[in-house]
Each structure stands twice: as C-alpha cells, then as structure tokens.
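Accompanying notes for the structure given below.
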Amino acid sequence: MELFKKDFLDGAAELFDLPPDLVAGLPHIEVVGDSHFYMERHRGILSYSGEEIDINGEKCIVRVFGEQLELMSMTGDQLRIRGRISRVEWVK
C-alpha cells in the first residue's frame, strides 16, 4: 500500500509539473553557504542552542549543527537560521 501511495504521488507530481516534495508534504530545505539555513513545512522546534537546533520535519528530525546559531524568523510554515553551519543531519 505504501509503495502504491509513493508511486501515485510521484506520478501526480510529474503530471502536474509539481515539485515531488510539495506533493508528498515533505520539508523543503535550502542551505546557502555555511551561514544560512531555510526550511519550509516544518512542525516546530524541538530543541535550541547556539550549537544545535532540532527541527520537527514530521517524518524525520532535521538537526542543524554549528556555532552561534540563531533563529532569525519562524512562522507556522517556514523558519530561517543563521550562524556558522557545520552540518545538517536527518534523523528518522
């Protein structure tokens, strides 16, 4: 059943020329250089410090590591982080 759902969503995304992440409800993430992190379709902040921020991505946790990390803005759907980003991990 899960395979059928994935195939259906992939087909719908291709048919309507939509990004697959949007159709599947997955988070959209952008990292610019080593100083800016953007995420759309998050489900909230789980933990926050200047060295690590854990973000609920619904199907996974997105973990941002670095130094002097700051949450610049956050809405119900989007968030922005800046600082010296050293790595980003996806935790299932």
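FYI, nothing fancy with the structure tokens labels: chains A, B, ... in order, residues from 1 per chain, ligands from 1 as they appear.
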Can you write out as JSON lines which residues of segment 50-72 of chain A fall within 10 Å of segment 35-39 of chain A, alongside each residue's closest atom pair and its distance in Å to one decimal, counting only C-alpha atoms and ordering rows by chain and ascending residue number?
{"residue": "A:Ile55", "atom": "CA", "partner": "A:Met39", "partner_atom": "CA", "distance": 9.3}
{"residue": "A:Gly57", "atom": "CA", "partner": "A:Met39", "partner_atom": "CA", "distance": 9.2}
{"residue": "A:Val62", "atom": "CA", "partner": "A:Met39", "partner_atom": "CA", "distance": 9.6}
{"residue": "A:Val64", "atom": "CA", "partner": "A:Phe37", "partner_atom": "CA", "distance": 8.5}
{"residue": "A:Gly66", "atom": "CA", "partner": "A:Ser35", "partner_atom": "CA", "distance": 9.2}
{"residue": "A:Glu67", "atom": "CA", "partner": "A:Ser35", "partner_atom": "CA", "distance": 9.8}
{"residue": "A:Gln68", "atom": "CA", "partner": "A:Ser35", "partner_atom": "CA", "distance": 9.9}
{"residue": "A:Leu69", "atom": "CA", "partner": "A:Ser35", "partner_atom": "CA", "distance": 8.9}
{"residue": "A:Glu70", "atom": "CA", "partner": "A:His36", "partner_atom": "CA", "distance": 9.8}
{"residue": "A:Leu71", "atom": "CA", "partner": "A:Phe37", "partner_atom": "CA", "distance": 9.6}
{"residue": "A:Met72", "atom": "CA", "partner": "A:His36", "partner_atom": "CA", "distance": 9.7}
Output N, CA and C atoms for every residue in that selection, as an mmCIF file, in the first residue's frame.
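This went into again-v7.cif:
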data_model
loop_
_atom_site.group_PDB
_atom_site.id
_atom_site.type_symbol
_atom_site.label_atom_id
_atom_site.label_comp_id
_atom_site.auth_asym_id
_atom_site.auth_seq_id
_atom_site.Cartn_x
_atom_site.Cartn_y
_atom_site.Cartn_z
ATOM 1 N N ILE A 55 14.748 20.332 14.566
ATOM 2 C CA ILE A 55 13.506 20.787 13.958
ATOM 3 C C ILE A 55 12.659 19.577 13.605
ATOM 4 N N GLY A 57 10.476 17.681 11.363
ATOM 5 C CA GLY A 57 10.125 17.642 9.953
ATOM 6 C C GLY A 57 8.982 16.686 9.682
ATOM 7 N N VAL A 62 15.213 17.155 11.638
ATOM 8 C CA VAL A 62 16.312 17.815 10.938
ATOM 9 C C VAL A 62 17.152 18.486 12.016
ATOM 10 N N VAL A 64 20.469 20.732 12.888
ATOM 11 C CA VAL A 64 21.443 21.686 12.350
ATOM 12 C C VAL A 64 22.520 21.893 13.410
ATOM 13 N N GLY A 66 26.358 23.733 14.417
ATOM 14 C CA GLY A 66 27.236 24.833 14.065
ATOM 15 C C GLY A 66 27.625 25.637 15.287
ATOM 16 N N GLU A 67 27.977 26.892 15.035
ATOM 17 C CA GLU A 67 28.363 27.821 16.094
ATOM 18 C C GLU A 67 27.559 29.100 15.926
ATOM 19 N N GLN A 68 27.222 29.715 17.037
ATOM 20 C CA GLN A 68 26.477 30.974 17.055
ATOM 21 C C GLN A 68 25.191 30.886 16.223
ATOM 22 N N LEU A 69 24.502 29.754 16.324
ATOM 23 C CA LEU A 69 23.254 29.585 15.578
ATOM 24 C C LEU A 69 22.167 30.451 16.195
ATOM 25 N N GLU A 70 21.413 31.113 15.336
ATOM 26 C CA GLU A 70 20.315 31.981 15.766
ATOM 27 C C GLU A 70 19.088 31.698 14.921
ATOM 28 N N LEU A 71 17.951 31.631 15.559
ATOM 29 C CA LEU A 71 16.689 31.529 14.837
ATOM 30 C C LEU A 71 16.306 32.945 14.439
ATOM 31 N N MET A 72 16.395 33.251 13.136
ATOM 32 C CA MET A 72 16.142 34.611 12.660
ATOM 33 C C MET A 72 14.651 34.906 12.522
#
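Taking only C-alpha atoms into account, Phe65 of chain A lies nearest to A:Ser86 out of the set A:Val91, A:Gly33, A:Ser86, A:Gly50.
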Got a sec: who's within 10 Å of Asp34 of chain A, counting only C-alpha atoms, leaving out chain neighbours fewer than 5 positions off, as an NGL selection string? :A and (66 or 82-87)
Output for the residues just chosen: N, CA and C atoms as a PDB file, in the first residue's frame:
ATOM      1  N   GLY A  66      26.358  23.733  14.417  1.00  0.00           N
ATOM      2  CA  GLY A  66      27.236  24.833  14.065  1.00  0.00           C
ATOM      3  C   GLY A  66      27.625  25.637  15.287  1.00  0.00           C
ATOM      4  N   ARG A  82      20.586  31.435  11.076  1.00  0.00           N
ATOM      5  CA  ARG A  82      21.892  31.887  10.597  1.00  0.00           C
ATOM      6  C   ARG A  82      22.934  31.585  11.654  1.00  0.00           C
ATOM      7  N   GLY A  83      24.163  31.541  11.230  1.00  0.00           N
ATOM      8  CA  GLY A  83      25.296  31.233  12.097  1.00  0.00           C
ATOM      9  C   GLY A  83      26.351  30.534  11.260  1.00  0.00           C
ATOM     10  N   ARG A  84      27.300  29.914  11.906  1.00  0.00           N
ATOM     11  CA  ARG A  84      28.309  29.131  11.183  1.00  0.00           C
ATOM     12  C   ARG A  84      27.853  27.675  11.170  1.00  0.00           C
ATOM     13  N   ILE A  85      27.221  27.265  10.104  1.00  0.00           N
ATOM     14  CA  ILE A  85      26.654  25.926   9.999  1.00  0.00           C
ATOM     15  C   ILE A  85      27.751  24.943   9.586  1.00  0.00           C
ATOM     16  N   SER A  86      27.915  23.890  10.387  1.00  0.00           N
ATOM     17  CA  SER A  86      28.951  22.903  10.066  1.00  0.00           C
ATOM     18  C   SER A  86      28.364  21.661   9.411  1.00  0.00           C
ATOM     19  N   ARG A  87      27.108  21.304   9.776  1.00  0.00           N
ATOM     20  CA  ARG A  87      26.476  20.156   9.120  1.00  0.00           C
ATOM     21  C   ARG A  87      24.978  20.137   9.431  1.00  0.00           C
TER      22      ARG A  87
END
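Nearest residue to Arg41 of chain A among A:Arg63, A:Glu58, A:Ile53, A:Ser73 is A:Glu58, counting only C-alpha atoms.
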Arg43 of chain A: which residues within 12 Å, counting only C-alpha atoms, same-chain residues fewer than 2 positions away excluded, as a list of chain:residue names?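 With the cut-off at 12 Å, the set is A:Gly25, A:Leu26, A:Pro27, A:Met39, A:Glu40, A:Arg41, A:Ile45, A:Leu46, A:Asp54, A:Ile55, A:Asn56, A:Gly57, A:Glu58, A:Lys59, A:Cys60, A:Ile61, A:Val62, A:Met74, A:Thr75, A:Gly76, A:Asp77, A:Gln78, A:Leu79.
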Identify, with DSSP run on backbone atoms, the residues in segment 23-63 of chain A assigned to strand (DSSP E), and express the list as a list in words.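 Those residues are His28, Ile29, Glu30, Val31, Val32, His36, Phe37, Tyr38, Met39, Glu40, Ile45, Leu46, Ser47, Tyr48, Glu52, Ile53, Asp54, Ile55, Asn56, Ile61, Val62 and Arg63 of chain A.
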